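Text of query16.cif (mmCIF, C-alpha atoms) as supplied:
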data_work
loop_
_atom_site.label_atom_id
_atom_site.label_comp_id
_atom_site.auth_asym_id
_atom_site.auth_seq_id
_atom_site.Cartn_x
_atom_site.Cartn_y
_atom_site.Cartn_z
CA MET A 11 0.00 0.00 0.00
CA LYS A 12 1.25 3.50 -0.84
CA LYS A 13 2.17 5.44 2.30
CA MET A 14 -0.77 7.59 3.37
CA ARG A 15 -1.02 10.75 5.47
CA ILE A 16 -3.28 10.84 8.53
CA GLY A 17 -4.20 14.27 9.87
CA ILE A 18 -4.91 14.56 13.60
CA GLU A 19 -5.51 17.34 16.09
CA GLN A 20 -2.77 18.14 18.57
CA ASN A 21 -4.11 16.44 21.70
CA LEU A 22 -3.26 13.37 23.75
CA PRO A 23 -6.31 11.24 22.83
CA ALA A 24 -5.68 11.65 19.10
CA GLU A 25 -1.96 11.00 19.54
CA PHE A 26 -2.72 7.82 21.48
CA PHE A 27 -5.27 6.66 18.93
CA VAL A 28 -2.73 6.75 16.09
CA SER A 29 0.27 5.71 18.19
CA GLY A 30 0.10 2.26 16.60
CA ALA A 31 0.95 3.89 13.28
CA ALA A 32 4.30 5.27 14.46
CA GLY A 33 7.61 3.94 13.20
CA ALA A 34 9.73 4.06 10.07
CA ASP A 35 8.10 0.90 8.67
CA SER A 36 4.57 2.23 9.10
CA ASP A 37 2.18 2.54 6.17
CA PHE A 38 1.15 5.99 7.44
CA ASP A 39 2.65 9.41 8.09
CA ILE A 40 1.06 11.33 10.97
CA VAL A 41 0.40 15.02 10.29
CA THR A 42 -0.54 17.24 13.23
CA LEU A 43 -3.07 19.85 12.15
CA GLU A 44 -3.55 23.37 13.43
CA GLY A 45 -7.24 23.98 13.92
CA ARG A 46 -10.03 21.73 12.71
CA THR A 47 -9.19 21.47 9.05
CA GLY A 48 -9.16 17.68 8.62
CA ILE A 49 -12.37 17.29 6.62
CA GLU A 50 -11.55 20.25 4.38
CA MET A 51 -8.04 18.90 3.70
CA VAL A 52 -9.41 15.48 2.78
CA ARG A 53 -11.94 17.07 0.42
CA ALA A 54 -9.18 19.15 -1.16
CA GLY A 55 -6.91 16.11 -1.59
CA ASP A 56 -4.26 17.51 0.76
CA LEU A 57 -4.68 14.51 3.11
CA GLU A 58 -5.71 10.93 2.44
CA ILE A 59 -7.19 10.38 5.93
CA ALA A 60 -8.18 12.64 8.83
CA LEU A 61 -9.34 11.91 12.36
CA VAL A 62 -12.32 14.21 12.94
CA PRO A 63 -15.13 14.69 15.51
CA ALA A 64 -18.28 12.65 14.93
CA LEU A 65 -20.52 15.73 15.10
CA SER A 66 -18.56 17.40 12.30
CA VAL A 67 -19.31 14.42 10.06
CA ILE A 68 -22.99 14.53 10.98
CA ALA A 69 -23.20 18.25 10.25
CA ASP A 70 -21.44 18.12 6.88
CA PRO A 71 -20.98 14.65 5.35
CA GLY A 72 -20.60 15.76 1.74
CA ASP A 73 -17.92 14.07 -0.39
CA ILE A 74 -16.44 12.03 2.48
CA GLU A 75 -16.84 8.54 3.90
CA VAL A 76 -16.09 7.16 7.34
CA VAL A 77 -13.64 4.28 7.54
CA PRO A 78 -15.27 1.30 9.30
CA ALA A 79 -13.74 -0.95 11.97
CA VAL A 80 -11.86 1.82 13.86
CA ALA A 81 -13.21 4.71 15.96
CA MET A 82 -12.15 6.61 19.05
CA SER A 83 -14.80 6.56 21.77
CA SER A 84 -14.72 6.69 25.55
CA TRP A 85 -16.80 6.35 28.69
CA ARG A 86 -15.17 9.40 30.25
CA TYR A 87 -13.14 12.19 28.68
CA PRO A 88 -11.09 14.39 31.00
CA PHE A 89 -9.95 16.53 28.08
CA ALA A 90 -13.32 18.30 27.61
CA GLN A 91 -15.14 19.62 30.67
CA LEU A 92 -17.83 22.13 31.50
CA TYR A 93 -16.68 24.55 34.19
CA LEU A 94 -19.40 26.05 36.39
CA PRO A 95 -17.97 28.36 39.07
CA GLY A 96 -21.29 28.37 40.91
CA GLY A 97 -22.22 24.74 40.29
CA LEU A 98 -25.40 23.52 38.61
CA ASP A 99 -27.57 25.36 41.13
CA SER A 100 -26.31 28.66 39.73
CA LYS A 101 -28.23 27.98 36.48
CA PRO A 102 -25.88 29.91 34.19
CA ASP A 103 -27.48 31.96 31.43
CA ARG A 104 -24.34 32.08 29.28
CA ILE A 105 -21.51 29.63 28.59
CA LEU A 106 -18.36 30.64 26.75
CA PHE A 107 -16.24 28.38 24.57
CA ASP A 108 -13.17 28.65 22.40
CA GLY A 109 -14.49 28.88 18.83
CA ARG A 110 -12.27 25.98 17.74
CA PHE A 111 -14.31 23.58 19.86
CA ARG A 112 -17.83 24.02 18.53
CA GLU A 113 -18.52 20.27 18.59
CA GLU A 114 -17.89 20.13 22.34
CA ALA A 115 -20.13 23.17 22.78
CA ASN A 116 -22.96 21.59 20.79
CA LEU A 117 -22.65 18.36 22.75
CA THR A 118 -22.75 20.30 26.02
CA ARG A 119 -25.87 22.17 24.88
CA ILE A 120 -27.62 18.86 24.25
CA ILE A 121 -26.55 17.43 27.61
CA LEU A 122 -27.59 20.49 29.63
CA LYS A 123 -31.04 20.59 28.04
CA GLU A 124 -31.74 16.84 28.09
CA HIS A 125 -30.10 15.96 31.40
CA TYR A 126 -30.44 19.10 33.50
CA HIS A 127 -33.24 21.11 31.80
CA LEU A 128 -30.89 24.07 31.42
CA THR A 129 -30.92 26.24 28.29
CA PRO A 130 -28.08 28.78 28.51
CA SER A 131 -26.81 30.61 25.46
CA PHE A 132 -23.41 29.57 24.07
CA GLU A 133 -20.94 32.23 22.97
CA ALA A 134 -17.78 31.55 20.96
CA VAL A 135 -14.71 33.59 21.93
CA GLY A 136 -11.23 33.80 20.50
CA SER A 137 -9.58 32.43 23.64
CA LEU A 138 -10.53 31.64 27.21
CA ASP A 139 -7.08 32.68 28.45
CA ASP A 140 -8.31 36.25 28.90
CA PHE A 141 -10.59 35.07 31.73
CA LYS A 142 -7.99 33.35 33.94
CA ASP A 143 -8.57 35.60 36.94
CA ASP A 144 -12.36 35.49 36.84
CA THR A 145 -13.36 32.48 34.75
CA PRO A 146 -17.03 32.50 33.73
CA PRO A 147 -19.06 29.36 33.00
CA SER A 148 -17.17 27.86 30.09
CA ILE A 149 -16.18 24.75 28.19
CA ARG A 150 -12.56 23.83 28.82
CA VAL A 151 -10.82 21.66 26.21
CA GLY A 152 -7.22 20.47 26.18
CA ASN A 153 -4.56 18.26 27.70
CA ASP A 154 -4.36 20.20 30.98
CA VAL A 155 -8.04 20.60 31.84
CA SER A 156 -8.11 17.88 34.47
CA VAL A 157 -5.03 19.21 36.30
CA ASP A 158 -5.33 22.98 35.82
CA ARG A 159 -8.48 23.75 37.79
CA SER A 160 -9.81 26.72 39.66
CA ARG A 161 -12.58 26.42 42.24
CA GLY A 162 -16.05 25.42 41.13
CA LEU A 163 -17.69 22.40 39.50
CA TYR A 164 -16.20 20.56 36.52
CA LEU A 165 -18.41 18.18 34.55
CA ASP A 166 -16.71 15.63 32.31
CA ILE A 167 -18.63 16.02 29.03
CA GLY A 168 -17.84 12.45 27.95
CA GLN A 169 -19.16 10.99 31.18
CA GLU A 170 -22.24 13.22 30.96
CA TRP A 171 -22.99 11.87 27.48
CA TYR A 172 -22.63 8.31 28.74
CA GLU A 173 -25.04 9.01 31.60
CA LEU A 174 -27.52 10.53 29.14
CA ALA A 175 -27.27 8.05 26.26
CA ASN A 176 -25.87 4.92 27.99
CA TYR A 177 -23.24 4.65 25.28
CA PRO A 178 -19.64 5.88 25.02
CA MET A 179 -19.15 9.21 23.29
CA VAL A 180 -17.60 8.97 19.81
CA TRP A 181 -14.80 11.55 19.70
CA GLY A 182 -12.96 10.62 16.56
CA LEU A 183 -13.65 8.93 13.22
CA PHE A 184 -11.34 8.39 10.28
CA VAL A 185 -12.68 10.00 7.10
CA MET A 186 -11.50 9.71 3.52
CA ALA A 187 -12.70 11.10 0.21
CA LYS A 188 -15.86 9.42 -0.98
CA GLY A 189 -15.09 6.22 -2.89
CA SER A 190 -11.47 5.95 -1.73
CA VAL A 191 -11.89 3.56 1.23
CA THR A 192 -10.52 0.14 0.27
CA PRO A 193 -10.24 -3.22 2.06
CA GLU A 194 -6.48 -2.69 2.21
CA VAL A 195 -6.86 0.63 4.04
CA VAL A 196 -9.32 -0.90 6.50
CA ARG A 197 -6.99 -3.85 7.20
CA HIS A 198 -4.03 -1.58 7.86
CA LEU A 199 -6.02 0.71 10.16
CA ARG A 200 -7.27 -2.30 12.10
CA GLU A 201 -3.65 -3.36 12.53
CA VAL A 202 -2.87 0.14 13.80
CA ALA A 203 -5.72 -0.13 16.32
CA SER A 204 -4.42 -3.48 17.53
CA ARG A 205 -0.94 -2.05 18.07
CA THR A 206 -2.43 0.97 19.85
CA GLU A 207 -4.28 -1.33 22.26
CA LYS A 208 -0.95 -2.82 23.30
CA LEU A 209 0.39 0.65 24.15
CA ARG A 210 -2.28 1.49 26.75
CA THR A 211 -0.18 0.79 29.81
CA ARG A 212 2.81 2.68 28.41
CA TRP A 213 0.65 5.76 27.84
CA ALA A 214 -1.01 5.47 31.24
CA ASP A 215 2.32 5.10 33.05
CA ALA A 216 4.03 8.04 31.37
CA ALA A 217 5.66 10.35 33.91
CA ASP A 218 3.16 13.19 33.57
CA ARG A 219 -0.01 11.09 33.84
CA GLY A 220 -2.16 10.89 36.93
CA GLY A 221 -5.70 10.54 38.16
CA ALA A 222 -8.36 10.84 35.48
CA ILE A 223 -5.89 10.87 32.58
CA ARG A 224 -4.22 7.64 33.68
CA ARG A 225 -7.62 5.97 34.05
CA PHE A 226 -8.61 7.29 30.62
CA PHE A 227 -5.79 5.45 28.88
CA LEU A 228 -6.16 2.28 30.97
CA GLU A 229 -9.95 1.93 31.06
CA ASP A 230 -11.96 4.55 29.22
CA VAL A 231 -10.72 5.04 25.66
CA ARG A 232 -11.87 2.54 23.02
CA VAL A 233 -10.47 1.99 19.52
CA ARG A 234 -13.00 -0.23 17.72
CA PHE A 235 -15.98 0.75 15.57
CA ASP A 236 -18.39 -1.70 17.20
CA ASP A 237 -22.08 -1.94 18.10
CA LEU A 238 -21.70 0.51 20.99
CA VAL A 239 -20.20 3.12 18.66
CA THR A 240 -22.99 2.55 16.14
CA ALA A 241 -25.65 2.96 18.85
CA SER A 242 -24.00 6.15 20.13
CA LEU A 243 -23.85 7.62 16.63
CA THR A 244 -27.53 6.81 16.13
CA GLN A 245 -28.35 8.83 19.26
CA LEU A 246 -26.13 11.68 18.08
CA LEU A 247 -27.87 11.73 14.69
CA ASP A 248 -31.27 12.09 16.34
CA TYR A 249 -30.14 14.85 18.69
CA ALA A 250 -28.26 16.67 15.91
CA PHE A 251 -31.45 16.93 13.86
CA TYR A 252 -33.57 17.96 16.85
CA TYR A 253 -31.08 20.68 17.83
CA ASP A 254 -30.65 21.95 14.23
CA LEU A 255 -27.06 20.73 13.96
CA ALA A 256 -28.02 18.80 10.82
CA ASP A 257 -30.66 19.72 8.26
CA GLU A 258 -32.04 16.19 8.03
CA ILE A 259 -31.73 12.72 9.52
CA ARG A 260 -29.60 10.94 6.96
CA ALA A 261 -27.77 7.64 6.84
CA PHE A 262 -24.38 7.88 8.51
CA PRO A 263 -21.75 7.84 5.72
CA VAL A 264 -19.81 4.70 6.66
CA ALA A 265 -18.03 3.18 3.69
CA SER A 266 -19.33 -0.23 2.67
CA VAL A 267 -16.30 -2.50 2.50
CA GLU A 268 -16.10 -6.28 2.59
CA ILE A 269 -13.03 -8.15 3.72
CA SER A 270 -12.73 -11.59 2.17
CA GLU A 271 -12.27 -14.65 4.38
CA SER A 272 -8.72 -15.10 3.12
CA ASP A 273 -7.90 -11.49 4.02
CA ASP A 274 -9.42 -10.97 7.44
CA GLY A 275 -11.69 -13.78 8.52
CA PRO A 276 -15.27 -14.62 7.52
CA THR A 277 -17.14 -11.64 8.95
CA PRO A 278 -17.78 -8.64 6.64
CA ILE A 279 -17.00 -5.21 8.06
CA LEU A 280 -19.62 -2.47 8.00
#
Let me see the file written as structure tokens.
Amino acid sequence: MKKMRIGIEQNLPAEFFVSGAAGADSDFDIVTLEGRTGIEMVRAGDLEIALVPALSVIADPGDIEVVPAVAMSSWRYPFAQLYLPGGLDSKPDRILFDGRFREEANLTRIILKEHYHLTPSFEAVGSLDDFKDDTPPSIRVGNDVSVDRSRGLYLDIGQEWYELANYPMVWGLFVMAKGSVTPEVVRHLREVASRTEKLRTRWADAADRGGAIRRFFLEDVRVRFDDLVTASLTQLLDYAFYYDLADEIRAFPVASVEISESDDGPTPIL
């Protein structure tokens, strides 16, 4: 297989998810993206594959397909949290978020309405760093969220989704240009996922890990596109339409690929 480029965001979950693709003999080159440009770069032909948020695929699935068999989901997600300085009882009327993280904001809006009957407005800002001394209700996203905390209540958005939907939240899906997903690509990405699974303990035991992040790598993050992921995406599709994040309920654009028995066992992949 020709070496292919995978675009990922610069965060620990994405880096872990593709860690099985590292090495000089890998079939993939990992490209770290600035901003959420993965889908656009795939459409433009600047990348063969990108790891992108599930909600971004639901909102704009044109000209792309999702690679089956591999997906990044989790029961908890310490890298995206809702900060409420006054707790839930304060009933905030406005929540700020960094404009790069609109998917996390939309997910939080769904959770607050469905789980807590709260309907604050959401306001995108250039950066939350300007509010360090007096942080308003806000969505905090990044590698340091679980360790860099001020007083108040932090809600893990991934755990909140699990408690609402009873399924793990789907944070990342591989997308490719429509019609370009092949059995060979799927096989190689499944091999990457298998190697990534074997690296869990190494990631969890890294010197700077602790608490929720260590547990995330050991227990929470999942790498397979299985029935739980499918069920979670079905819930997301319904909510996305209800909350005007998608203009219609459409079939999720998973590429239809069959792996022959001689290639990968007798069971066809989605």
Run the PyMOL selection byres ((chain A and resi 62-65) around 10) against the file shown and list the residues it catches, as a JSON list (two decimals) with C-alpha atoms, keeping the file's coordinate frame.
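Saved file selection36.json follows:
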[["chain", "number", "residue", "atom", "x", "y", "z"],
["A", 17, "GLY", "CA", -4.20, 14.27, 9.87],
["A", 18, "ILE", "CA", -4.91, 14.56, 13.60],
["A", 19, "GLU", "CA", -5.51, 17.34, 16.09],
["A", 24, "ALA", "CA", -5.68, 11.65, 19.10],
["A", 46, "ARG", "CA", -10.03, 21.73, 12.71],
["A", 47, "THR", "CA", -9.19, 21.47, 9.05],
["A", 48, "GLY", "CA", -9.16, 17.68, 8.62],
["A", 49, "ILE", "CA", -12.37, 17.29, 6.62],
["A", 59, "ILE", "CA", -7.19, 10.38, 5.93],
["A", 60, "ALA", "CA", -8.18, 12.64, 8.83],
["A", 61, "LEU", "CA", -9.34, 11.91, 12.36],
["A", 66, "SER", "CA", -18.56, 17.40, 12.30],
["A", 67, "VAL", "CA", -19.31, 14.42, 10.06],
["A", 68, "ILE", "CA", -22.99, 14.53, 10.98],
["A", 69, "ALA", "CA", -23.20, 18.25, 10.25],
["A", 70, "ASP", "CA", -21.44, 18.12, 6.88],
["A", 71, "PRO", "CA", -20.98, 14.65, 5.35],
["A", 76, "VAL", "CA", -16.09, 7.16, 7.34],
["A", 81, "ALA", "CA", -13.21, 4.71, 15.96],
["A", 82, "MET", "CA", -12.15, 6.61, 19.05],
["A", 83, "SER", "CA", -14.80, 6.56, 21.77],
["A", 111, "PHE", "CA", -14.31, 23.58, 19.86],
["A", 112, "ARG", "CA", -17.83, 24.02, 18.53],
["A", 113, "GLU", "CA", -18.52, 20.27, 18.59],
["A", 114, "GLU", "CA", -17.89, 20.13, 22.34],
["A", 116, "ASN", "CA", -22.96, 21.59, 20.79],
["A", 117, "LEU", "CA", -22.65, 18.36, 22.75],
["A", 179, "MET", "CA", -19.15, 9.21, 23.29],
["A", 180, "VAL", "CA", -17.60, 8.97, 19.81],
["A", 181, "TRP", "CA", -14.80, 11.55, 19.70],
["A", 182, "GLY", "CA", -12.96, 10.62, 16.56],
["A", 183, "LEU", "CA", -13.65, 8.93, 13.22],
["A", 184, "PHE", "CA", -11.34, 8.39, 10.28],
["A", 185, "VAL", "CA", -12.68, 10.00, 7.10],
["A", 243, "LEU", "CA", -23.85, 7.62, 16.63],
["A", 246, "LEU", "CA", -26.13, 11.68, 18.08],
["A", 247, "LEU", "CA", -27.87, 11.73, 14.69],
["A", 250, "ALA", "CA", -28.26, 16.67, 15.91],
["A", 255, "LEU", "CA", -27.06, 20.73, 13.96],
["A", 256, "ALA", "CA", -28.02, 18.80, 10.82]]
- prompt: Counting all atoms listed in the file, what is within 8 Å of range 147-154 of chain A, bar same-chain residues fewer than 5 positions away, as a PyMOL selection string?
  reply: chain A and resi 21-22+89-95+102+104-108+111+114-115
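With all atoms listed in the file as the basis for measurement, A:Leu122 is the residue among A:Leu122, A:Leu98, A:Leu128, A:Ala187 that approaches Trp171 in chain A most closely.
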Distance in Å - CA of Arg161 in chain A versus CA of Phe227 in chain A: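 Separation between CA of Arg161 in chain A and CA of Phe227 in chain A: 25.8 Å.
One finds CA of Glu133 in chain A at 18.5 Å from CA of Tyr164 in chain A.
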message: Could you list, as a VMD selection string, every residue matched by the PyMOL selection byres ((chain A and resi 212-224) around 12) in this structure?
response: chain A and resid 22 to 23 25 to 27 29 to 30 85 to 90 152 to 157 166 169 205 to 211 225 to 231
task: Counting only C-alpha atoms, select every polymer residue within 10 Å of (-1.8, -3.1, 1.0) as defined in the file's coordinates, and provide the selection as number ranges by chain.
output: A: 11-13, 37, 192-198
